[in-house]
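Peer 1: A single structure is presented below for examination.
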Amino acid sequence: MPALAVRQKTLKTSISCTGIGVHSGSRVTMWLHPAEPSSGIVFRRSDVGGVGGARIQAEWRNVANAKLCTALGEAGGPQVATVEHLMAALCGCEIDNAIVELNGPEVPIMDGSAAPFVFLIECAGIVEQPAPRRAIQLLHRLSVDGGDGRVVSLTPAPGFSASFEIDFDNAAIAHQEYVISVHPSTFKAEIARARTFGFAHEIDGLRAAGLARGGSLENAVVISGNRILNRDGLRYDDEFVRHKILDGVGDLYLAGAPLLGHFHGLRSGHSLNHHLLRTLFARPKAWRYVELAVDRLVAPAAAHPALGAYPAAGD
Ligand SMILES: [Zn+2]
């Protein structure tokens with residue numbers, strides 16, 4: 001490993017929190033545990049799957065549903081829903097390896113943002129591991145057009161950055177755009193506290209469909225007409241677009257490694273984010289694995305036995 005190599009990180013110790021699932025409405029306890037180098041983020045459902053529980057790797061291949069939230073697991077098998085805000089916190093805090101143990105089907109929504117998970121990770125502490133940190137370096141621009149003016153793209157860039165634009169026919173949101181270079185300090189200060197949001201007129205329909213059972217003003221910004229119902233208002237004037245970046249950061253961490261590239265979203269959501277990842281991995285010439293160095297220069301990664309052989313550069 002080069003002297004200036006960035007090392008992988010995990011948690012120093014285990015830590016837990018309890019909350020409700022925003023869609024299931026059920027109470028769930030979540031533990032974050034340290035994990036072995038190069039093991040990635042792994043979800044474990046302790047309430048199903050017998051001894052040791054059911055294990056689901058936090059990877060794009062395992063996305064089971066991405067309509068209103070991102071759910072992982074196999075169709076008909078155990079699933080874990082609403083992983084995106086936790087994944088954003090793990091990405092933002094640069095945690096490579098962790099076991100996320102849950103005794104229910106959904107990550108607790110907490111306050112609807114990633115801030116409680118950042119707090120939890122910081123309370124547990126972060127430790128470096130001996131293995132070098134690898135990233136996915138974009139070599140070509142990729143974009144996915146979802147129709148109706150919804151587009152997502154990834155463009156080569158020296159670090160990980162993100163921008164987003166939303167346009168709602170609603171005076172409380174209207175047009176918002178935001179751009180950020182994603183590092184632990186910027187993620188925590190500018191993005192982590194942005195909450196999920198929804199419209200009051202959609203809540204009855206969602207509940208009738210068995211969704212948003214745990215949703216409330218405690219864990220979402222709720223808009224009725226052109227008015228924000230939360231008594232304390234917004235955390236940022238442009239909280240909505242910041243939350244869309246938070247979702248994008250979390251969804252893209254399902255690449256299984258940090259990205260060296262710029263993510264842009266235009267009026268998009270979880271489905272298009274995952275479509276973008278599937279497009280990326282279907283085009284091996286569009287990216288390569290690299291080992292990160294402290295000075296942000298990168299070198300092509302050597303094969304790592306725990307992760308299998310990497311594709312050759314430009315493959
Ligand atoms: Zn969200």
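Letters A, B, ... go to the chains of the structure tokens in the order shown; residues in each chain start at 1; ligands are counted from 1 in the same order.
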Considering only strand (DSSP E or B) as DSSP defines it on the backbone, what residues of segment 63-259 of chain A qualify? List them as number ranges by chain.
Peer 2: A: 63-65, 71-73, 79-81, 97-102, 106, 126-132, 134-138, 142-147, 150-156, 160-167, 175-181, 197-199, 221-224, 227-228, 259
Peer 1: Near Lys9 of chain A, within 7 Å and counting only C-alpha atoms, which residues show up once chain neighbours fewer than 3 positions away are dropped, as a PyMOL selection string?
Peer 2: chain A and resi 94-97+126-129
Peer 1: Restricting it to N, CA and C atoms, dump the selection as a CSV table (one decimal), in the first residue's frame.
Peer 2:
chain,number,residue,atom,x,y,z
A,94,GLU,N,-17.8,8.6,5.6
A,94,GLU,CA,-16.7,7.8,5.0
A,94,GLU,C,-16.5,6.4,5.7
A,95,ILE,N,-17.6,5.8,6.1
A,95,ILE,CA,-17.6,4.5,6.7
A,95,ILE,C,-17.6,3.4,5.6
A,96,ASP,N,-16.6,2.6,5.5
A,96,ASP,CA,-16.6,1.6,4.4
A,96,ASP,C,-17.2,0.3,4.8
A,97,ASN,N,-17.0,-0.1,6.1
A,97,ASN,CA,-17.4,-1.4,6.6
A,97,ASN,C,-18.3,-1.3,7.9
A,126,ILE,N,-14.9,6.4,15.0
A,126,ILE,CA,-14.5,5.9,13.7
A,126,ILE,C,-13.0,5.5,13.8
A,127,VAL,N,-12.7,4.3,13.3
A,127,VAL,CA,-11.3,3.8,13.3
A,127,VAL,C,-10.9,3.4,11.9
A,128,GLU,N,-9.6,3.7,11.6
A,128,GLU,CA,-9.0,3.3,10.4
A,128,GLU,C,-8.7,1.8,10.4
A,129,GLN,N,-8.7,1.2,9.3
A,129,GLN,CA,-8.4,-0.3,9.1
A,129,GLN,C,-7.2,-0.4,8.2
Peer 1: Could you report the residues within 9 Å of ligand 1, using only C-alpha atoms and all ligand atoms, as a PDB file with N, CA and C atoms, in the first residue's frame?
Peer 2:
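Written file, part_21.pdb:
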ATOM      1  N   LEU A  68     -40.815   4.769  -3.404  1.00  0.00           N
ATOM      2  CA  LEU A  68     -40.869   5.898  -2.472  1.00  0.00           C
ATOM      3  C   LEU A  68     -39.656   5.944  -1.565  1.00  0.00           C
ATOM      4  N   CYS A  69     -39.035   4.774  -1.397  1.00  0.00           N
ATOM      5  CA  CYS A  69     -37.813   4.701  -0.614  1.00  0.00           C
ATOM      6  C   CYS A  69     -36.989   3.602  -1.266  1.00  0.00           C
ATOM      7  N   THR A  70     -35.775   3.392  -0.782  1.00  0.00           N
ATOM      8  CA  THR A  70     -34.959   2.326  -1.348  1.00  0.00           C
ATOM      9  C   THR A  70     -35.005   1.112  -0.428  1.00  0.00           C
ATOM     10  N   THR A  82     -36.187   1.644   3.328  1.00  0.00           N
ATOM     11  CA  THR A  82     -35.783   3.004   3.738  1.00  0.00           C
ATOM     12  C   THR A  82     -34.331   3.033   4.229  1.00  0.00           C
ATOM     13  N   GLU A  84     -31.906   4.645   2.571  1.00  0.00           N
ATOM     14  CA  GLU A  84     -31.129   5.708   1.921  1.00  0.00           C
ATOM     15  C   GLU A  84     -30.555   6.762   2.868  1.00  0.00           C
ATOM     16  N   HIS A  85     -31.274   7.139   3.928  1.00  0.00           N
ATOM     17  CA  HIS A  85     -30.740   8.195   4.797  1.00  0.00           C
ATOM     18  C   HIS A  85     -29.578   7.661   5.634  1.00  0.00           C
ATOM     19  N   GLY A 112     -36.281  12.040   9.994  1.00  0.00           N
ATOM     20  CA  GLY A 112     -36.476  12.194   8.548  1.00  0.00           C
ATOM     21  C   GLY A 112     -35.242  12.687   7.814  1.00  0.00           C
ATOM     22  N   SER A 113     -34.136  12.863   8.561  1.00  0.00           N
ATOM     23  CA  SER A 113     -32.888  13.324   7.931  1.00  0.00           C
ATOM     24  C   SER A 113     -31.789  12.293   8.213  1.00  0.00           C
ATOM     25  N   ALA A 114     -30.536  12.656   7.883  1.00  0.00           N
ATOM     26  CA  ALA A 114     -29.414  11.758   8.173  1.00  0.00           C
ATOM     27  C   ALA A 114     -28.673  12.176   9.451  1.00  0.00           C
ATOM     28  N   ALA A 194     -31.164  17.927   6.437  1.00  0.00           N
ATOM     29  CA  ALA A 194     -32.322  18.160   5.548  1.00  0.00           C
ATOM     30  C   ALA A 194     -33.288  16.977   5.625  1.00  0.00           C
ATOM     31  N   ARG A 195     -34.547  17.276   5.935  1.00  0.00           N
ATOM     32  CA  ARG A 195     -35.546  16.210   6.154  1.00  0.00           C
ATOM     33  C   ARG A 195     -36.300  15.839   4.877  1.00  0.00           C
ATOM     34  N   THR A 196     -36.824  14.639   4.897  1.00  0.00           N
ATOM     35  CA  THR A 196     -37.698  14.187   3.820  1.00  0.00           C
ATOM     36  C   THR A 196     -38.972  15.041   3.837  1.00  0.00           C
ATOM     37  N   PHE A 197     -39.704  15.050   2.751  1.00  0.00           N
ATOM     38  CA  PHE A 197     -40.897  15.897   2.707  1.00  0.00           C
ATOM     39  C   PHE A 197     -42.027  15.222   1.939  1.00  0.00           C
ATOM     40  N   HIS A 243     -32.363  17.811   0.633  1.00  0.00           N
ATOM     41  CA  HIS A 243     -32.744  16.434   0.923  1.00  0.00           C
ATOM     42  C   HIS A 243     -32.638  15.557  -0.326  1.00  0.00           C
ATOM     43  N   LYS A 244     -32.924  16.112  -1.485  1.00  0.00           N
ATOM     44  CA  LYS A 244     -32.781  15.322  -2.721  1.00  0.00           C
ATOM     45  C   LYS A 244     -31.313  14.926  -2.939  1.00  0.00           C
ATOM     46  N   ILE A 245     -30.401  15.815  -2.559  1.00  0.00           N
ATOM     47  CA  ILE A 245     -28.973  15.462  -2.643  1.00  0.00           C
ATOM     48  C   ILE A 245     -28.664  14.372  -1.622  1.00  0.00           C
ATOM     49  N   LEU A 246     -29.215  14.514  -0.411  1.00  0.00           N
ATOM     50  CA  LEU A 246     -29.014  13.483   0.623  1.00  0.00           C
ATOM     51  C   LEU A 246     -29.458  12.116   0.110  1.00  0.00           C
ATOM     52  N   ASP A 247     -30.648  12.056  -0.498  1.00  0.00           N
ATOM     53  CA  ASP A 247     -31.144  10.788  -1.057  1.00  0.00           C
ATOM     54  C   ASP A 247     -30.192  10.262  -2.135  1.00  0.00           C
ATOM     55  N   GLY A 248     -29.717  11.158  -2.989  1.00  0.00           N
ATOM     56  CA  GLY A 248     -28.813  10.748  -4.071  1.00  0.00           C
ATOM     57  C   GLY A 248     -27.500  10.193  -3.525  1.00  0.00           C
ATOM     58  N   GLY A 250     -27.040   8.796  -0.632  1.00  0.00           N
ATOM     59  CA  GLY A 250     -27.322   7.488  -0.022  1.00  0.00           C
ATOM     60  C   GLY A 250     -27.540   6.412  -1.070  1.00  0.00           C
ATOM     61  N   HIS A 270     -35.511   8.131  -6.370  1.00  0.00           N
ATOM     62  CA  HIS A 270     -34.779   6.888  -6.103  1.00  0.00           C
ATOM     63  C   HIS A 270     -34.698   5.971  -7.329  1.00  0.00           C
TER      64      HIS A 270
END
Peer 1: Hey, can you check how far atom CA of Pro105 of chain A sits from atom CA of Val48 of chain A?
Peer 2: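 Those two atoms sit 9.4 Å apart.
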Peer 1: If we count only C-alpha atoms and set the cut-off at 12 Å, which residues sit around Ile121 of chain A, ignoring sequence neighbours fewer than 4 positions away in its own chain? Please answer as a ChimeraX atom specification.
Peer 2: /A:9-17,31-34,86-95,98,100,114-117,125-127,184,188
Peer 1: What lies within 12 Å of Ile56 of chain A using only C-alpha atoms, ignoring chain neighbours under 6 positions off, as a PyMOL selection string?
Peer 2: chain A and resi 39-46+48-49+62-64+71-74+77-81+83+99-102+105+254
Peer 1: Might you pull out every residue within 9 Å of Arg150 of chain A, with only C-alpha atoms counted and same-chain residues fewer than 3 positions away left off, and present them as an mmCIF file with C-alpha atoms, in the first residue's frame?
Peer 2:
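Contents of out06.cif, as written:
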data_model
loop_
_atom_site.group_PDB
_atom_site.id
_atom_site.type_symbol
_atom_site.label_atom_id
_atom_site.label_comp_id
_atom_site.auth_asym_id
_atom_site.auth_seq_id
_atom_site.Cartn_x
_atom_site.Cartn_y
_atom_site.Cartn_z
ATOM 1 C CA VAL A 144 -30.350 8.399 -17.775
ATOM 2 C CA ASP A 145 -33.408 10.230 -19.060
ATOM 3 C CA GLY A 146 -36.538 9.318 -17.134
ATOM 4 C CA GLY A 147 -38.873 11.390 -19.337
ATOM 5 C CA GLY A 265 -30.076 15.133 -10.616
ATOM 6 C CA LEU A 266 -32.868 17.032 -12.332
ATOM 7 C CA ARG A 267 -36.326 16.399 -10.794
ATOM 8 C CA SER A 268 -35.364 12.771 -10.252
ATOM 9 C CA GLY A 269 -35.869 10.274 -7.431
ATOM 10 C CA LEU A 272 -33.651 6.967 -11.575
#
Peer 1: Work out how far apart atom CA of Trp287 of chain A and atom CA of Ala75 of chain A are and give it in Å to one decimal.
Peer 2: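 Atom CA of Ala75 of chain A lies at a distance of 29.0 Å from atom CA of Trp287 of chain A.
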Peer 1: Give the answer as one residue: which of A:Ala286, A:Val179, A:Leu252, A:Leu206 has the shortest atom-to-atom distance to Asp238 of chain A, using only C-alpha atoms?
Peer 2: A:Val179
Peer 1: Residues of segment 180-227 of chain A in helix (DSSP H, G or I) according to DSSP, as a list in words?
Peer 2: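 Taking segment 180-227 of chain A and keeping helix (DSSP H, G or I) only, one gets Pro184, Ser185, Thr186, Phe187, Lys188, Ala189, Glu190, Ile191, Ala200, His201, Glu202, Ile203, Asp204, Gly205, Leu206, Arg207 and Ala208 of chain A.
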Peer 1: Write the residues you've just listed into a file as an mmCIF file, in the first residue's frame, and include N, CA and C atoms for each of them.
Peer 2:
data_model
loop_
_atom_site.group_PDB
_atom_site.id
_atom_site.type_symbol
_atom_site.label_atom_id
_atom_site.label_comp_id
_atom_site.auth_asym_id
_atom_site.auth_seq_id
_atom_site.Cartn_x
_atom_site.Cartn_y
_atom_site.Cartn_z
ATOM 1 N N PRO A 184 -16.850 14.792 4.696
ATOM 2 C CA PRO A 184 -17.550 14.670 5.981
ATOM 3 C C PRO A 184 -18.000 16.021 6.542
ATOM 4 N N SER A 185 -17.165 17.068 6.439
ATOM 5 C CA SER A 185 -17.535 18.353 7.053
ATOM 6 C C SER A 185 -18.677 19.030 6.273
ATOM 7 N N THR A 186 -18.636 19.002 4.933
ATOM 8 C CA THR A 186 -19.705 19.654 4.163
ATOM 9 C C THR A 186 -20.994 18.851 4.256
ATOM 10 N N PHE A 187 -20.872 17.527 4.245
ATOM 11 C CA PHE A 187 -22.074 16.690 4.348
ATOM 12 C C PHE A 187 -22.798 16.995 5.655
ATOM 13 N N LYS A 188 -22.031 17.038 6.741
ATOM 14 C CA LYS A 188 -22.634 17.245 8.057
ATOM 15 C C LYS A 188 -23.248 18.651 8.171
ATOM 16 N N ALA A 189 -22.551 19.656 7.657
ATOM 17 C CA ALA A 189 -23.015 21.034 7.830
ATOM 18 C C ALA A 189 -24.139 21.408 6.863
ATOM 19 N N GLU A 190 -24.109 20.887 5.638
ATOM 20 C CA GLU A 190 -25.016 21.414 4.607
ATOM 21 C C GLU A 190 -26.147 20.465 4.200
ATOM 22 N N ILE A 191 -25.945 19.165 4.422
ATOM 23 C CA ILE A 191 -26.887 18.187 3.869
ATOM 24 C C ILE A 191 -27.579 17.326 4.933
ATOM 25 N N ALA A 200 -49.567 16.935 2.199
ATOM 26 C CA ALA A 200 -50.680 16.484 3.038
ATOM 27 C C ALA A 200 -51.739 15.755 2.205
ATOM 28 N N HIS A 201 -51.998 16.241 0.970
ATOM 29 C CA HIS A 201 -53.076 15.636 0.177
ATOM 30 C C HIS A 201 -52.716 14.226 -0.317
ATOM 31 N N GLU A 202 -51.444 13.863 -0.231
ATOM 32 C CA GLU A 202 -51.038 12.524 -0.691
ATOM 33 C C GLU A 202 -51.039 11.498 0.445
ATOM 34 N N ILE A 203 -51.129 11.975 1.683
ATOM 35 C CA ILE A 203 -50.937 11.075 2.824
ATOM 36 C C ILE A 203 -52.027 10.012 2.907
ATOM 37 N N ASP A 204 -53.289 10.396 2.695
ATOM 38 C CA ASP A 204 -54.368 9.404 2.780
ATOM 39 C C ASP A 204 -54.164 8.286 1.761
ATOM 40 N N GLY A 205 -53.772 8.670 0.535
ATOM 41 C CA GLY A 205 -53.541 7.672 -0.516
ATOM 42 C C GLY A 205 -52.395 6.732 -0.151
ATOM 43 N N LEU A 206 -51.336 7.288 0.407
ATOM 44 C CA LEU A 206 -50.183 6.460 0.801
ATOM 45 C C LEU A 206 -50.590 5.479 1.895
ATOM 46 N N ARG A 207 -51.357 5.985 2.870
ATOM 47 C CA ARG A 207 -51.766 5.113 3.989
ATOM 48 C C ARG A 207 -52.695 4.009 3.502
ATOM 49 N N ALA A 208 -53.546 4.354 2.548
ATOM 50 C CA ALA A 208 -54.452 3.333 1.988
ATOM 51 C C ALA A 208 -53.646 2.247 1.292
#
Peer 1: I'd like the interatomic distance between atom CA of Phe199 of chain A and atom CA of Val221 of chain A, to a tenth of an Å.
Peer 2: 8.5 Å
Peer 1: Pick the closest to Ala35 of chain A from A:Phe240, A:Leu234, A:Gln8, A:Gly256: which is it, counting only C-alpha atoms?
Peer 2: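 The answer is A:Gln8, which sits nearest to Ala35 of chain A.
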Peer 1: With only C-alpha atoms as the atoms that count, which of A:Pro258, A:Asp148, A:Asn226, A:Leu139 lies nearest to Asp169 of chain A?
Peer 2: A:Asn226
Peer 1: With distances taken over only C-alpha atoms, which residue among A:Val22, A:Phe168, A:Pro156, A:Glu122 lies nearest Ile136 of chain A?
Peer 2: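 So, comparing all the options, the nearest one is A:Pro156.
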